[in-house]
$ cat my_file.tsv   # TSV, C-alpha atoms
chain	number	residue	atom	x	y	z
A	940	MET	CA	24.85	-14.38	14.32
A	941	ILE	CA	21.48	-13.04	13.32
A	942	ASN	CA	19.93	-11.06	16.15
A	943	ARG	CA	17.31	-13.43	17.64
A	944	ARG	CA	15.18	-10.73	19.19
A	945	ALA	CA	14.98	-8.76	15.95
A	946	LEU	CA	14.16	-11.93	14.01
A	947	THR	CA	11.34	-12.76	16.46
A	948	GLN	CA	9.91	-9.29	15.83
A	949	TYR	CA	9.83	-9.93	12.08
A	950	ILE	CA	8.24	-13.36	12.54
A	951	VAL	CA	5.56	-11.99	14.89
A	952	GLY	CA	4.86	-9.15	12.44
A	953	PHE	CA	4.66	-11.54	9.51
A	954	VAL	CA	2.40	-14.15	11.17
A	955	GLY	CA	0.16	-11.40	12.57
A	956	SER	CA	-0.17	-9.76	9.15
A	957	VAL	CA	-1.00	-13.07	7.44
A	958	LEU	CA	-3.69	-13.86	10.04
A	959	LEU	CA	-5.27	-10.39	9.78
A	960	THR	CA	-5.29	-10.62	5.97
A	961	LEU	CA	-6.95	-14.06	6.09
A	962	VAL	CA	-9.60	-12.89	8.59
A	963	ALA	CA	-10.44	-9.85	6.41
A	964	PHE	CA	-10.61	-12.11	3.33
A	965	TYR	CA	-12.84	-14.60	5.18
A	966	ILE	CA	-15.25	-11.90	6.40
A	967	VAL	CA	-15.85	-10.69	2.84
A	968	SER	CA	-15.71	-13.95	0.86
A	969	SER	CA	-17.93	-15.94	3.25
A	970	GLY	CA	-20.42	-13.09	3.53
A	971	ILE	CA	-20.90	-13.55	7.31
A	972	LEU	CA	-20.89	-9.75	7.52
A	973	THR	CA	-22.30	-7.49	4.83
A	974	GLY	CA	-22.56	-3.81	3.96
A	975	TRP	CA	-21.18	-1.15	6.28
A	976	THR	CA	-20.69	-3.60	9.19
A	977	ALA	CA	-18.23	-5.59	7.06
A	978	VAL	CA	-16.53	-2.36	5.92
A	979	PHE	CA	-16.18	-1.25	9.55
A	980	TYR	CA	-14.47	-4.52	10.50
A	981	ILE	CA	-12.12	-4.81	7.50
A	982	ILE	CA	-10.99	-1.17	7.85
A	983	GLY	CA	-10.32	-1.94	11.53
A	984	LEU	CA	-8.30	-5.04	10.60
A	985	ALA	CA	-6.33	-3.06	7.97
A	986	THR	CA	-5.52	-0.38	10.56
A	987	VAL	CA	-4.29	-2.99	13.07
A	988	GLN	CA	-2.16	-4.64	10.36
A	989	CYS	CA	-0.74	-1.25	9.37
A	990	MET	CA	0.24	-0.60	13.02
A	991	ILE	CA	1.83	-4.06	13.31
A	992	GLN	CA	3.94	-3.44	10.21
A	993	LEU	CA	4.84	0.09	11.38
A	994	PHE	CA	6.21	-1.32	14.63
A	995	PHE	CA	7.66	-4.69	13.60
A	996	PHE	CA	8.82	-3.98	10.01
A	997	LEU	CA	9.34	-0.21	9.79
A	998	HIS	CA	10.52	0.12	13.44
A	999	ILE	CA	8.79	3.43	14.00
A	1000	SER	CA	9.36	3.09	17.76
A	1001	GLU	CA	13.16	2.75	17.33
A	1002	ASP	CA	13.58	6.45	16.74
A	1003	GLY	CA	16.31	8.86	17.84
A	1004	ARG	CA	15.57	11.93	19.93
A	1005	PRO	CA	13.86	14.17	18.96
A	1006	ARG	CA	11.54	11.59	17.41
A	1007	TRP	CA	11.56	12.94	13.86
A	1008	LYS	CA	10.31	9.69	12.32
A	1009	LEU	CA	7.22	9.71	14.50
A	1010	HIS	CA	6.66	13.46	14.13
A	1011	SER	CA	6.89	13.40	10.33
A	1012	PHE	CA	4.59	10.36	10.31
A	1013	LEU	CA	1.95	12.10	12.42
A	1014	PHE	CA	2.19	15.23	10.28
A	1015	MET	CA	1.71	13.03	7.18
A	1016	LEU	CA	-1.43	11.52	8.76
A	1017	PHE	CA	-2.74	15.05	9.41
A	1018	ALA	CA	-2.17	16.07	5.75
A	1019	LEU	CA	-3.69	12.77	4.59
A	1020	ALA	CA	-6.81	13.28	6.71
A	1021	ILE	CA	-7.33	16.74	5.20
A	1022	VAL	CA	-6.87	15.47	1.63
A	1023	VAL	CA	-9.06	12.36	1.97
A	1024	ALA	CA	-11.84	13.67	4.23
A	1025	GLY	CA	-11.83	17.03	2.43
A	1026	SER	CA	-12.15	15.44	-1.04
A	1027	LEU	CA	-14.98	13.13	0.03
A	1028	TRP	CA	-16.87	15.92	1.79
A	1029	VAL	CA	-16.53	18.49	-1.00
A	1030	MET	CA	-17.31	16.03	-3.80
A	1031	ALA	CA	-20.31	14.50	-2.01
A	1032	SER	CA	-21.76	17.95	-1.44
A	1033	LEU	CA	-21.03	18.86	-5.08
A	1034	ASN	CA	-22.76	15.69	-6.30
A	1035	ASP	CA	-25.83	16.61	-4.27
A	1036	ARG	CA	-26.06	19.93	-6.07
A	1037	MET	CA	-25.56	18.60	-9.57
A	1038	MET	CA	-27.63	16.93	-12.27
A	1039	PRO	CA	-31.22	17.15	-11.04
A	1040	THR	CA	-33.54	14.49	-12.49
A	1041	THR	CA	-35.80	15.56	-15.35
A	1042	GLN	CA	-38.76	15.75	-12.99
A	1043	GLU	CA	-36.87	17.90	-10.46
A	1044	MET	CA	-35.78	20.17	-13.30
A	1045	GLN	CA	-39.36	20.58	-14.57
A	1046	GLU	CA	-40.66	21.35	-11.10
A	1047	TYR	CA	-37.92	23.93	-10.70
A	1048	MET	CA	-38.75	25.54	-14.07
A	1049	HIS	CA	-42.43	25.51	-13.20
A	1050	ARG	CA	-41.74	27.35	-9.92
A	1051	GLN	CA	-39.59	29.87	-11.77
A	1052	SER	CA	-42.33	30.46	-14.36
A	1053	LEU	CA	-44.88	31.04	-11.59
A	1054	ASN	CA	-42.56	33.78	-10.35
A	1055	GLY	CA	-42.78	35.35	-13.76
A	1056	LEU	CA	-39.27	34.39	-14.90
B	518	MET	CA	32.38	-12.25	10.12
B	519	SER	CA	32.42	-8.89	11.85
B	520	GLN	CA	29.29	-6.92	12.53
B	521	VAL	CA	28.78	-3.91	10.26
B	522	LYS	CA	27.69	-0.70	11.98
B	523	ILE	CA	25.96	2.32	10.57
B	524	SER	CA	27.00	5.87	11.45
B	525	THR	CA	25.18	9.04	12.48
B	526	ALA	CA	25.42	10.29	8.88
B	527	ASP	CA	23.77	7.04	7.71
B	528	ASN	CA	20.97	7.58	10.22
B	529	ARG	CA	20.47	11.04	8.76
B	530	THR	CA	20.22	9.52	5.27
B	531	LEU	CA	17.65	7.02	6.57
B	532	LEU	CA	15.60	9.85	8.09
B	533	GLY	CA	15.76	11.75	4.79
B	534	PHE	CA	14.43	8.70	2.97
B	535	TRP	CA	11.74	8.26	5.62
B	536	ILE	CA	10.55	11.82	4.94
B	537	TYR	CA	10.44	11.04	1.19
B	538	LEU	CA	8.25	8.03	2.06
B	539	MET	CA	5.89	10.29	4.02
B	540	THR	CA	5.47	12.50	0.93
B	541	ASP	CA	4.83	9.33	-1.11
B	542	CYS	CA	2.10	8.44	1.41
B	543	VAL	CA	0.42	11.77	0.66
B	544	LEU	CA	0.66	10.96	-3.09
B	545	PHE	CA	-1.03	7.60	-2.52
B	546	GLY	CA	-3.53	9.29	-0.18
B	547	SER	CA	-4.62	11.65	-2.94
B	548	LEU	CA	-5.01	8.71	-5.35
B	549	PHE	CA	-7.09	6.87	-2.70
B	550	ALA	CA	-9.22	10.01	-2.30
B	551	THR	CA	-9.71	10.15	-6.09
B	552	TYR	CA	-10.72	6.48	-6.10
B	553	ALA	CA	-13.09	6.99	-3.16
B	554	VAL	CA	-14.79	9.86	-4.97
B	555	LEU	CA	-15.03	8.15	-8.39
B	556	HIS	CA	-15.47	4.45	-7.58
B	557	GLN	CA	-19.24	4.41	-8.10
B	558	ASN	CA	-19.10	6.24	-11.44
B	559	THR	CA	-19.09	3.12	-13.61
B	560	PHE	CA	-20.75	4.85	-16.58
B	561	GLY	CA	-22.47	1.64	-17.74
B	562	GLY	CA	-19.18	-0.31	-17.51
B	563	PRO	CA	-18.31	-3.04	-15.01
B	564	SER	CA	-18.13	-2.40	-11.25
B	565	GLY	CA	-15.67	-3.84	-8.76
B	566	GLN	CA	-18.11	-6.66	-8.01
B	567	ASP	CA	-18.04	-7.69	-11.69
B	568	LEU	CA	-14.25	-7.53	-12.10
B	569	PHE	CA	-12.49	-8.56	-8.90
B	570	GLU	CA	-11.63	-12.17	-8.04
B	571	LEU	CA	-10.79	-12.19	-4.34
B	572	PRO	CA	-8.86	-15.50	-4.12
B	573	TYR	CA	-6.53	-14.28	-6.90
B	574	VAL	CA	-5.93	-10.97	-5.13
B	575	LEU	CA	-5.40	-12.83	-1.82
B	576	VAL	CA	-2.52	-14.79	-3.40
B	577	GLU	CA	-1.03	-11.49	-4.68
B	578	THR	CA	-1.35	-10.02	-1.18
B	579	LEU	CA	0.34	-12.99	0.50
B	580	LEU	CA	3.19	-12.96	-2.06
B	581	LEU	CA	3.91	-9.28	-1.37
B	582	LEU	CA	3.59	-9.77	2.39
B	583	THR	CA	6.05	-12.66	2.34
B	584	SER	CA	8.48	-10.62	0.23
B	585	SER	CA	8.26	-7.82	2.81
B	586	PHE	CA	9.22	-10.37	5.49
B	587	THR	CA	12.15	-11.81	3.48
B	588	ALA	CA	13.41	-8.25	2.83
B	589	GLY	CA	13.44	-7.69	6.60
B	590	VAL	CA	15.36	-10.93	7.22
B	591	ALA	CA	17.88	-9.89	4.53
B	592	ILE	CA	18.65	-6.76	6.61
B	593	LEU	CA	19.17	-8.85	9.76
B	594	ALA	CA	21.54	-11.13	7.83
B	595	ALA	CA	23.37	-8.04	6.52
B	596	LYS	CA	23.74	-6.62	10.05
B	597	ALA	CA	25.22	-9.99	11.08
B	598	GLY	CA	27.64	-9.81	8.14
B	599	ARG	CA	26.38	-12.97	6.38
B	600	LYS	CA	26.93	-12.23	2.70
B	601	LYS	CA	25.50	-15.47	1.23
B	602	GLN	CA	22.39	-15.31	3.39
B	603	VAL	CA	21.83	-11.67	2.36
B	604	ILE	CA	21.98	-12.62	-1.31
B	605	GLY	CA	19.68	-15.61	-0.72
B	606	TRP	CA	17.01	-13.57	1.06
B	607	LEU	CA	17.28	-10.75	-1.50
B	608	VAL	CA	16.81	-13.18	-4.39
B	609	ALA	CA	13.78	-14.65	-2.57
B	610	THR	CA	12.39	-11.11	-2.19
B	611	LEU	CA	13.04	-10.46	-5.88
B	612	LEU	CA	11.25	-13.64	-6.99
B	613	LEU	CA	8.24	-13.05	-4.72
B	614	GLY	CA	7.98	-9.41	-5.81
B	615	LEU	CA	8.29	-10.42	-9.46
B	616	SER	CA	5.50	-13.01	-9.08
B	617	PHE	CA	3.32	-10.31	-7.52
B	618	LEU	CA	4.00	-7.94	-10.42
B	619	VAL	CA	3.34	-10.64	-13.04
B	620	MET	CA	0.01	-11.52	-11.36
B	621	GLU	CA	-0.97	-7.85	-11.37
B	622	ILE	CA	-0.10	-7.46	-15.06
B	623	VAL	CA	-2.11	-10.61	-15.90
B	624	GLU	CA	-5.07	-9.15	-13.97
B	625	PHE	CA	-4.83	-5.86	-15.91
B	626	GLN	CA	-4.47	-7.82	-19.16
B	627	GLU	CA	-7.69	-9.72	-18.43
B	628	ILE	CA	-9.61	-6.51	-17.80
B	629	LEU	CA	-8.23	-5.03	-21.03
B	630	SER	CA	-8.93	-8.16	-23.08
B	631	SER	CA	-12.58	-8.15	-21.99
B	632	GLY	CA	-12.85	-4.78	-23.68
B	633	TYR	CA	-12.59	-2.40	-20.73
B	634	SER	CA	-9.80	0.04	-19.95
B	635	TRP	CA	-9.05	3.25	-18.07
B	636	GLU	CA	-11.09	5.01	-20.76
B	637	THR	CA	-14.26	3.09	-19.80
B	638	SER	CA	-15.33	4.94	-16.68
B	639	GLY	CA	-14.29	7.14	-13.79
B	640	PHE	CA	-14.13	4.01	-11.65
B	641	LEU	CA	-11.66	2.24	-13.97
B	642	SER	CA	-9.56	5.42	-14.49
B	643	SER	CA	-9.05	5.85	-10.77
B	644	PHE	CA	-8.60	2.09	-10.24
B	645	PHE	CA	-5.82	1.82	-12.85
B	646	THR	CA	-4.13	5.03	-11.66
B	647	LEU	CA	-4.03	3.90	-8.03
B	648	VAL	CA	-3.08	0.24	-8.52
B	649	ALA	CA	-0.63	0.89	-11.37
B	650	THR	CA	1.14	3.66	-9.44
B	651	HIS	CA	1.75	1.05	-6.73
B	652	GLY	CA	2.86	-1.39	-9.45
B	653	ALA	CA	5.30	1.21	-10.82
B	654	HIS	CA	6.82	1.57	-7.35
B	655	ILE	CA	7.14	-2.23	-7.17
B	656	THR	CA	8.89	-2.27	-10.57
B	657	ILE	CA	11.42	0.32	-9.36
B	658	GLY	CA	11.88	-1.72	-6.17
B	659	LEU	CA	12.59	-4.88	-8.19
B	660	ILE	CA	15.28	-3.10	-10.25
B	661	TRP	CA	16.69	-1.81	-6.95
B	662	ILE	CA	16.89	-5.36	-5.51
B	663	GLY	CA	18.68	-6.52	-8.67
B	664	VAL	CA	21.26	-3.75	-8.26
B	665	MET	CA	21.70	-4.57	-4.55
B	666	VAL	CA	22.22	-8.29	-5.22
B	667	TRP	CA	24.94	-7.35	-7.69
B	668	ARG	CA	26.55	-4.83	-5.30
B	669	VAL	CA	26.58	-7.23	-2.34
B	670	TRP	CA	27.95	-9.96	-4.60
B	671	LYS	CA	30.78	-7.71	-5.90
B	672	LEU	CA	31.64	-5.57	-2.87
B	673	GLY	CA	30.40	-7.60	0.11
B	674	ILE	CA	28.56	-6.07	3.04
B	675	THR	CA	30.24	-2.69	3.32
B	676	GLN	CA	28.87	0.16	5.39
B	677	GLY	CA	27.58	1.81	2.20
B	678	ASN	CA	25.82	-1.36	1.09
B	679	LEU	CA	24.22	-1.86	4.51
B	680	ARG	CA	22.89	1.70	4.38
B	681	ARG	CA	21.49	1.12	0.87
B	682	LEU	CA	19.91	-2.16	1.97
B	683	MET	CA	18.27	-0.49	4.97
B	684	ILE	CA	16.86	2.28	2.77
B	685	PHE	CA	15.60	-0.32	0.32
B	686	SER	CA	13.88	-2.31	3.08
B	687	LEU	CA	12.08	0.84	4.28
B	688	PHE	CA	10.83	1.36	0.72
B	689	TRP	CA	9.70	-2.26	0.34
B	690	HIS	CA	7.92	-2.45	3.74
B	691	PHE	CA	6.22	0.86	2.92
B	692	LEU	CA	4.90	-0.56	-0.37
B	693	ASP	CA	3.39	-3.49	1.53
B	694	VAL	CA	1.67	-1.09	3.95
B	695	VAL	CA	0.15	0.76	0.97
B	696	TRP	CA	-0.99	-2.59	-0.47
B	697	ILE	CA	-2.89	-3.45	2.76
B	698	PHE	CA	-5.10	-0.46	2.01
B	699	ILE	CA	-5.41	-1.23	-1.71
B	700	PHE	CA	-6.47	-4.78	-0.79
B	701	THR	CA	-8.99	-3.51	1.76
B	702	ILE	CA	-10.39	-0.36	0.15
B	703	VAL	CA	-10.26	-1.31	-3.53
B	704	TYR	CA	-10.70	-5.09	-3.60
B	705	LEU	CA	-12.53	-6.10	-0.40
B	706	MET	CA	-14.81	-3.04	-0.36
B	707	GLY	CA	-15.26	-3.38	-4.13
B	708	VAL	CA	-16.60	-6.92	-3.66
B	709	ILE	CA	-18.82	-5.86	-0.74
B	710	GLY	CA	-20.16	-3.25	-3.17
B	711	ILE	CA	-19.82	-0.05	-1.15

$ encode --input "my_file.tsv" --output "structure tokens"
Amino acid sequence: MINRRALTQYIVGFVGSVLLTLVAFYIVSSGILTGWTAVFYIIGLATVQCMIQLFFFLHISEDGRPRWKLHSFLFMLFALAIVVAGSLWVMASLNDRMMPTTQEMQEYMHRQSLNGL
Amino acid sequence: MSQVKISTADNRTLLGFWIYLMTDCVLFGSLFATYAVLHQNTFGGPSGQDLFELPYVLVETLLLLTSSFTAGVAILAAKAGRKKQVIGWLVATLLLGLSFLVMEIVEFQEILSSGYSWETSGFLSSFFTLVATHGAHITIGLIWIGVMVWRVWKLGITQGNLRRLMIFSLFWHFLDVVWIFIFTIVYLMGVIGI
């Protein structure tokens, strides 16, 4: 016989994921929320759905001891945070320092020429 | 039918595969970071708002989600030793996954036929790299399901086959988790325009 309890877990995970997907889709397609507010909510919904699938589909809580699955997962999150946040930070700062507009460039050259350069 | 058990060595194999999946997460993370950095560099080409059709992508998302569920049920059937059910659920997973892949290829084809490609802009380069890397994983997964259907058909639910099925289901569930973020960060945020 198929394990009822395990099957219930999969059904709960599946129905939960479908609902969260539909809510995120509705928020964006209906336009009830816009801009960064909408982004805040859909990222939140994606995170909840990710947790649901981690528990009900990937069974991250059914780990041996020591909990290597959980530990390697948390370490991966740490590496991921460095890569993603680091890239965004560095590149945004780099963008700020690049490609001045023509006017900014002329002002800069004017200041330099006043200094006798 | 007797219940098939997995051994300590099998658990070690599963953990090894889990660690591979974690490294794959970092790979996808770096592609997401690339996309996040480049997604506004449209270079006069189309933006996400011009290209993405949300209802179409929603259907793709639901197909992949359902296939993740059927893959899970296939494992439960395998643990219960039900050979025919395992094959049935695996074939369902295969068909759902294949429909997802076909829809994705059609979407790419439409972008290409309107004259844009990965050469158009930084946005489209990073978009194609991220989404197609996921698609390549799905393609490998589909071949894997085909092989597993054949193995279960020929050999039945042996301990080795159960282990392979469990590793496959980890891979397939993982791909659906990655897709949640592609759906949210690429498509939904693309349509919002941020």

$ interface_residues --input "my_file.tsv" --of "chain B" --to "chain A" --cutoff "8 Å" --atoms "all atoms listed in the file" --output "PyMOL selection string"
chain B and resi 532+535-536+539-540+542-543+546-547+549-551+553-554+571+575+579+582-583+586+589-590+593-594+596-597+687+690-691+694+697-698+701-702+705-706+708-711

$ atom_distance --input "my_file.tsv" --atom1 "atom CA of Tyr552 of chain B" --atom2 "atom CA of Val987 of chain A"
22.3 Å

$ closest_residue --input "my_file.tsv" --among "B:Val619, B:Ala526, B:Leu544, B:Thr559" --to "Ser634 of chain B" --atoms "all atoms listed in the file"
B:Thr559
